[in-house]
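J.: If you scroll down you'll find the structure; I have some questions about it.
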Amino acid sequence: MTKARPAKPVSLTPATDKKNNSIRIILPLYVLTGVLLGWWLISAANIFPAYALPSPGSVWISFLEEIRSGRLLNDLIASLWRVAVGFLLSVILGIPAGLWLGQHLRTRQAVLPMLNFFRFLSPLAWIPFAILWFHIGDKPAVFLIFMASFFPLALATMAAVATIPSIYFRVANDYHYHGIELLTKVTFPAVLPQVITALRVSYGIAWVVIVVAEMVGCQDGLGYGIWEARNGLRLDAAVCYMIVIGLMGMGIDRLLAQLSKLPNVRWGYER
């Protein structure tokens with residue numbers, strides 16, 4: 001009986017890699033074209049009145065008007081500033097809290113129910129308190145973003161630390177790693193892939209919350225732009241702002257995703 005030859009490992013040639021990259025770009029373009037075509041057909045067929053579903057052409061005209069007037073740029077900068085401050089505060093406080101709780105079992109058992117309570121509590125429930133405490137402007141929006149992103153980030157980091165294999169710490173003990181050295185050389189590198197994923201998820205929550213926060217407590221921003229367009233029955237401008245919100249959210253998420261390509265964390269994403 002002839003022995004079967006072992007299969008040769010498949011290696012991606014530059015041509016194959018280039019083809020895969022092209023497909024990765026072309027397929028979403030096909031989907032986008034289909035969505036735009038369907039949108040245009042529904043508008044042209046007058047299934048909904050123009051004030052209820054603006055056409056792609058009217059949205060494009062509104063987009064140009066908002067850019068020329070400078071309103072869109074000002075609102076975009078205001079929203080990015082609020083999200084950056086609130087999200088950065090949640091990172092500065094949430095990740096260290098998660099690292100500490102993950103290493104202290106009794107404290108983790110004591111505070112975990114309370115952390116889960118606030119995690120499941122919608123950040124929008126804090127809107128009345130945010131306005132009463134911080135009035136209107138940047139502060140209530142920053143507070144709501146912090147409340148929305150702190151708890152998921154702290155809990156994800158804590159869970160990642162709590163599930164580190166004990167062999168890591170036994171080896172670290174053999175090398176006499178303690179305190180800061182143990183944190184920087186063992187604990188944090190072991191959980192960094194999960195932390196990056198938690199950052200992306202928490203940022204997505206923060207970007208969603210900023211829209212609602214600006215509708216009730218601000219006088220500018222992308223959320224306020226949608227609210228103002230709605231009050232003026234300008235749904236073409238509202239759709240324009242919605243598109244900008246989606247594109248900016250995707251863009252910043254892609255920037256955060258680049259962290260997963262760092263040499264020290266690639267092991268956590270390779271399969």
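Please note that chains go A, B, ... in the order of the structure tokens, that every chain numbers its residues from 1, and that ligands are numbered from 1 in the order shown.
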Considering only C-alpha atoms, return as a PDB file with N, CA, C and O atoms, in the first residue's frame whatever protein or nucleic-acid residues lie within 10 Å of Ile42 in chain A, sequence-local ones (same chain, fewer than 4 positions apart) excluded.

T.:
```
ATOM      1  N   LEU A  36     -27.036  52.195  -2.158  1.00  0.00           N
ATOM      2  CA  LEU A  36     -27.338  53.504  -2.763  1.00  0.00           C
ATOM      3  C   LEU A  36     -28.366  53.381  -3.874  1.00  0.00           C
ATOM      4  O   LEU A  36     -29.266  54.223  -4.013  1.00  0.00           O
ATOM      5  N   LEU A  37     -28.238  52.320  -4.672  1.00  0.00           N
ATOM      6  CA  LEU A  37     -29.197  52.108  -5.762  1.00  0.00           C
ATOM      7  C   LEU A  37     -30.594  51.847  -5.207  1.00  0.00           C
ATOM      8  O   LEU A  37     -31.590  52.401  -5.698  1.00  0.00           O
ATOM      9  N   GLY A  38     -30.675  50.995  -4.174  1.00  0.00           N
ATOM     10  CA  GLY A  38     -31.972  50.729  -3.559  1.00  0.00           C
ATOM     11  C   GLY A  38     -32.577  51.984  -2.951  1.00  0.00           C
ATOM     12  O   GLY A  38     -33.786  52.235  -3.073  1.00  0.00           O
ATOM     13  N   ASN A  46     -41.321  57.257  -5.007  1.00  0.00           N
ATOM     14  CA  ASN A  46     -42.176  58.017  -4.091  1.00  0.00           C
ATOM     15  C   ASN A  46     -42.963  57.106  -3.143  1.00  0.00           C
ATOM     16  O   ASN A  46     -44.130  57.358  -2.831  1.00  0.00           O
ATOM     17  N   ILE A  47     -42.304  56.032  -2.684  1.00  0.00           N
ATOM     18  CA  ILE A  47     -42.944  55.163  -1.703  1.00  0.00           C
ATOM     19  C   ILE A  47     -43.154  55.925  -0.398  1.00  0.00           C
ATOM     20  O   ILE A  47     -44.166  55.766   0.277  1.00  0.00           O
ATOM     21  N   PHE A  48     -42.182  56.765  -0.063  1.00  0.00           N
ATOM     22  CA  PHE A  48     -42.307  57.666   1.092  1.00  0.00           C
ATOM     23  C   PHE A  48     -42.216  59.095   0.572  1.00  0.00           C
ATOM     24  O   PHE A  48     -41.525  59.372  -0.413  1.00  0.00           O
ATOM     25  N   LEU A  53     -38.292  60.643   3.603  1.00  0.00           N
ATOM     26  CA  LEU A  53     -37.108  59.927   3.134  1.00  0.00           C
ATOM     27  C   LEU A  53     -36.432  60.756   2.040  1.00  0.00           C
ATOM     28  O   LEU A  53     -36.820  60.684   0.870  1.00  0.00           O
ATOM     29  N   PRO A  54     -35.443  61.566   2.401  1.00  0.00           N
ATOM     30  CA  PRO A  54     -34.767  62.390   1.391  1.00  0.00           C
ATOM     31  C   PRO A  54     -34.004  61.532   0.394  1.00  0.00           C
ATOM     32  O   PRO A  54     -33.551  60.433   0.718  1.00  0.00           O
ATOM     33  N   SER A  55     -33.863  62.029  -0.799  1.00  0.00           N
ATOM     34  CA  SER A  55     -33.144  61.299  -1.846  1.00  0.00           C
ATOM     35  C   SER A  55     -31.639  61.446  -1.655  1.00  0.00           C
ATOM     36  O   SER A  55     -31.178  62.373  -0.969  1.00  0.00           O
TER      37      SER A  55
END
```

J.: Need the shell around Val212 in chain A: protein/DNA/RNA residues with any atom at most 10 Å away, counting only C-alpha atoms. Skip same-chain ones fewer than 2 positions apart. Format as a count of residues only?

T.: 18

J.: Using only C-alpha atoms, which residues sit within 9 Å of Leu256 in chain A once same-chain residues fewer than 6 positions away are excluded, as a list in words?

T.: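 Here the qualifying residues turn out to be Ile196, Thr197, Leu199 and Arg200 of chain A.
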
J.: Please, could you write that set of residues out with N, CA, C and O atoms as a PDB file, in the first residue's frame?

T.:
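Listed below is the output, out-v2.pdb:
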```pdb
ATOM      1  N   ILE A 196      -7.331  45.407  24.281  1.00  0.00           N
ATOM      2  CA  ILE A 196      -7.523  46.116  23.010  1.00  0.00           C
ATOM      3  C   ILE A 196      -8.929  45.866  22.472  1.00  0.00           C
ATOM      4  O   ILE A 196      -9.606  46.788  21.987  1.00  0.00           O
ATOM      5  N   THR A 197      -9.402  44.626  22.549  1.00  0.00           N
ATOM      6  CA  THR A 197     -10.773  44.328  22.125  1.00  0.00           C
ATOM      7  C   THR A 197     -11.777  45.093  22.975  1.00  0.00           C
ATOM      8  O   THR A 197     -12.762  45.650  22.458  1.00  0.00           O
ATOM      9  N   LEU A 199     -11.257  47.912  24.474  1.00  0.00           N
ATOM     10  CA  LEU A 199     -11.174  49.326  24.077  1.00  0.00           C
ATOM     11  C   LEU A 199     -12.070  49.606  22.881  1.00  0.00           C
ATOM     12  O   LEU A 199     -12.787  50.619  22.849  1.00  0.00           O
ATOM     13  N   ARG A 200     -12.049  48.717  21.906  1.00  0.00           N
ATOM     14  CA  ARG A 200     -12.870  48.918  20.712  1.00  0.00           C
ATOM     15  C   ARG A 200     -14.356  48.866  21.046  1.00  0.00           C
ATOM     16  O   ARG A 200     -15.150  49.675  20.552  1.00  0.00           O
TER      17      ARG A 200
END
```

J.: Go through A:Gln194, A:Ser22, A:Asn231, A:Asn116 one by one, measure the shortest atom-to-atom distance of each to Thr157 in chain A using only C-alpha atoms, and give the residue with the smallest value.

T.: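 Looking at the shortest contact to Thr157 in chain A, the residue is A:Gln194.
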
J.: Excluding Ile205 in chain A and its own-chain neighbours fewer than 4 positions away, which residues fall within 8 Å of it when counting only C-alpha atoms? Please give them as a list of chain:residue names.

T.: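 Those residues are A:Ala148, A:Ser149, A:Val201, A:Val209.
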
J.: Store the residues of this selection in a file with C-alpha atoms, as a PDB file, in the first residue's frame.

T.:
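Final file, selection_8.pdb:
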```pdb
ATOM      1  CA  ALA A 148     -20.979  54.373  29.437  1.00  0.00           C
ATOM      2  CA  SER A 149     -17.428  53.182  28.803  1.00  0.00           C
ATOM      3  CA  VAL A 201     -16.142  47.787  22.274  1.00  0.00           C
ATOM      4  CA  VAL A 209     -23.910  57.711  23.663  1.00  0.00           C
TER       5      VAL A 209
END
```

J.: In terms of the shortest atom-to-atom distance over only C-alpha atoms, which of A:Ala130, A:Ala159, A:Leu76, A:Arg82 is closest to Leu247 in chain A?

T.: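 Ranked by minimum distance to Leu247 in chain A, first place goes to A:Leu76.
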
J.: If I take CA of Met114 in chain A and CA of Pro128 in chain A, how far is one from the other in Å, to one decimal?

T.: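 Going from CA of Met114 in chain A over to CA of Pro128 in chain A covers 21.2 Å.
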
J.: Please determine, counting only C-alpha atoms, which residue among A:Trp100, A:Tyr51, A:Phe134, A:Trp60 has the shortest atom-to-atom distance to Leu183 in chain A.

T.: A:Trp100

J.: Can I get the residues of range 98-192 of chain A within 12 Å of range 89-93 of chain A, each with the closest pair of atoms and their distance in Å to one decimal, using only C-alpha atoms, sorted chain first then ascending number, as JSON lines?

T.:
```
{"residue": "A:Gly98", "atom": "CA", "partner": "A:Leu93", "partner_atom": "CA", "distance": 8.7}
{"residue": "A:Leu99", "atom": "CA", "partner": "A:Leu93", "partner_atom": "CA", "distance": 10.3}
{"residue": "A:Trp100", "atom": "CA", "partner": "A:Leu93", "partner_atom": "CA", "distance": 10.9}
{"residue": "A:Val142", "atom": "CA", "partner": "A:Leu89", "partner_atom": "CA", "distance": 9.0}
{"residue": "A:Phe143", "atom": "CA", "partner": "A:Leu89", "partner_atom": "CA", "distance": 9.5}
{"residue": "A:Leu144", "atom": "CA", "partner": "A:Ser90", "partner_atom": "CA", "distance": 10.8}
{"residue": "A:Ile145", "atom": "CA", "partner": "A:Ser90", "partner_atom": "CA", "distance": 8.4}
{"residue": "A:Phe146", "atom": "CA", "partner": "A:Ser90", "partner_atom": "CA", "distance": 5.5}
{"residue": "A:Met147", "atom": "CA", "partner": "A:Ser90", "partner_atom": "CA", "distance": 8.0}
{"residue": "A:Ala148", "atom": "CA", "partner": "A:Ser90", "partner_atom": "CA", "distance": 8.8}
{"residue": "A:Ser149", "atom": "CA", "partner": "A:Ser90", "partner_atom": "CA", "distance": 6.1}
{"residue": "A:Phe150", "atom": "CA", "partner": "A:Ser90", "partner_atom": "CA", "distance": 4.5}
{"residue": "A:Phe151", "atom": "CA", "partner": "A:Ser90", "partner_atom": "CA", "distance": 8.2}
{"residue": "A:Pro152", "atom": "CA", "partner": "A:Ser90", "partner_atom": "CA", "distance": 9.6}
{"residue": "A:Leu153", "atom": "CA", "partner": "A:Val91", "partner_atom": "CA", "distance": 7.4}
{"residue": "A:Ala154", "atom": "CA", "partner": "A:Leu93", "partner_atom": "CA", "distance": 8.1}
{"residue": "A:Leu155", "atom": "CA", "partner": "A:Ser90", "partner_atom": "CA", "distance": 11.8}
{"residue": "A:Ala156", "atom": "CA", "partner": "A:Val91", "partner_atom": "CA", "distance": 11.8}
{"residue": "A:Thr157", "atom": "CA", "partner": "A:Val91", "partner_atom": "CA", "distance": 10.5}
```

J.: Could you write those residues out with N, CA and C atoms, as a short mmCIF file (atom, residue, chain, number, x, y, z; two decimals), in the first residue's frame?

T.:
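The result, written out as result-v1.cif:
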```
data_model
loop_
_atom_site.label_atom_id
_atom_site.label_comp_id
_atom_site.auth_asym_id
_atom_site.auth_seq_id
_atom_site.Cartn_x
_atom_site.Cartn_y
_atom_site.Cartn_z
N GLY A 98 -9.42 47.49 36.67
CA GLY A 98 -9.59 46.10 36.25
C GLY A 98 -8.37 45.25 36.56
N LEU A 99 -7.19 45.81 36.35
CA LEU A 99 -5.96 45.07 36.67
C LEU A 99 -5.88 44.76 38.17
N TRP A 100 -6.22 45.74 38.98
CA TRP A 100 -6.13 45.55 40.43
C TRP A 100 -7.17 44.55 40.93
N VAL A 142 -19.40 64.59 28.59
CA VAL A 142 -18.20 63.84 29.00
C VAL A 142 -18.55 62.87 30.12
N PHE A 143 -19.37 63.32 31.08
CA PHE A 143 -19.77 62.45 32.19
C PHE A 143 -20.53 61.22 31.68
N LEU A 144 -21.46 61.42 30.74
CA LEU A 144 -22.24 60.30 30.21
C LEU A 144 -21.36 59.32 29.44
N ILE A 145 -20.40 59.84 28.70
CA ILE A 145 -19.48 58.96 27.96
C ILE A 145 -18.63 58.15 28.93
N PHE A 146 -18.17 58.81 29.99
CA PHE A 146 -17.39 58.09 31.00
C PHE A 146 -18.21 56.99 31.64
N MET A 147 -19.45 57.27 32.02
CA MET A 147 -20.31 56.27 32.65
C MET A 147 -20.62 55.12 31.69
N ALA A 148 -20.66 55.42 30.41
CA ALA A 148 -20.98 54.37 29.44
C ALA A 148 -19.81 53.45 29.16
N SER A 149 -18.59 53.98 29.22
CA SER A 149 -17.43 53.18 28.80
C SER A 149 -16.58 52.66 29.96
N PHE A 150 -16.68 53.26 31.15
CA PHE A 150 -15.82 52.84 32.27
C PHE A 150 -16.12 51.42 32.71
N PHE A 151 -17.38 51.09 32.94
CA PHE A 151 -17.72 49.79 33.52
C PHE A 151 -17.45 48.62 32.58
N PRO A 152 -17.81 48.68 31.30
CA PRO A 152 -17.43 47.58 30.41
C PRO A 152 -15.93 47.38 30.32
N LEU A 153 -15.18 48.48 30.30
CA LEU A 153 -13.72 48.38 30.18
C LEU A 153 -13.10 47.79 31.44
N ALA A 154 -13.55 48.24 32.60
CA ALA A 154 -13.01 47.72 33.86
C ALA A 154 -13.35 46.25 34.04
N LEU A 155 -14.58 45.86 33.71
CA LEU A 155 -15.00 44.47 33.86
C LEU A 155 -14.27 43.55 32.89
N ALA A 156 -14.08 44.00 31.65
CA ALA A 156 -13.37 43.17 30.68
C ALA A 156 -11.92 42.97 31.09
N THR A 157 -11.28 44.03 31.57
CA THR A 157 -9.89 43.92 32.03
C THR A 157 -9.80 43.01 33.25
#
```

J.: Based on the backbone DSSP call, show me all residues of range 21-137 of chain A assigned helix (DSSP H, G or I), as a PyMOL selection string.

T.: chain A and resi 21-44+56-69+71-103+105-120+123-134

J.: So the first atom is CA of Ile243 in chain A and the second is CA of Leu64 in chain A; what is the distance between them in Å, to one decimal place?

T.: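 We find that CA of Ile243 in chain A and CA of Leu64 in chain A lie 13.2 Å from each other.
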
J.: Provide the CA of Gly232 in chain A to CA of Pro49 in chain A distance in Å, to one decimal place.

T.: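 Atom-to-atom, CA of Gly232 in chain A and CA of Pro49 in chain A are spaced 16.3 Å apart.
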
J.: Between A:Ala213, A:Ala257, A:Ala172, A:Val191, which has the minimum distance to Ser79 in chain A (counting only C-alpha atoms)?

T.: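 Counting only C-alpha atoms, the residue closest to Ser79 in chain A is A:Ala213.
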
J.: Which one is closest to Ile67 in chain A: A:Leu27, A:Ala110, A:Ala198, A:Val244? Count only C-alpha atoms.

T.: A:Val244
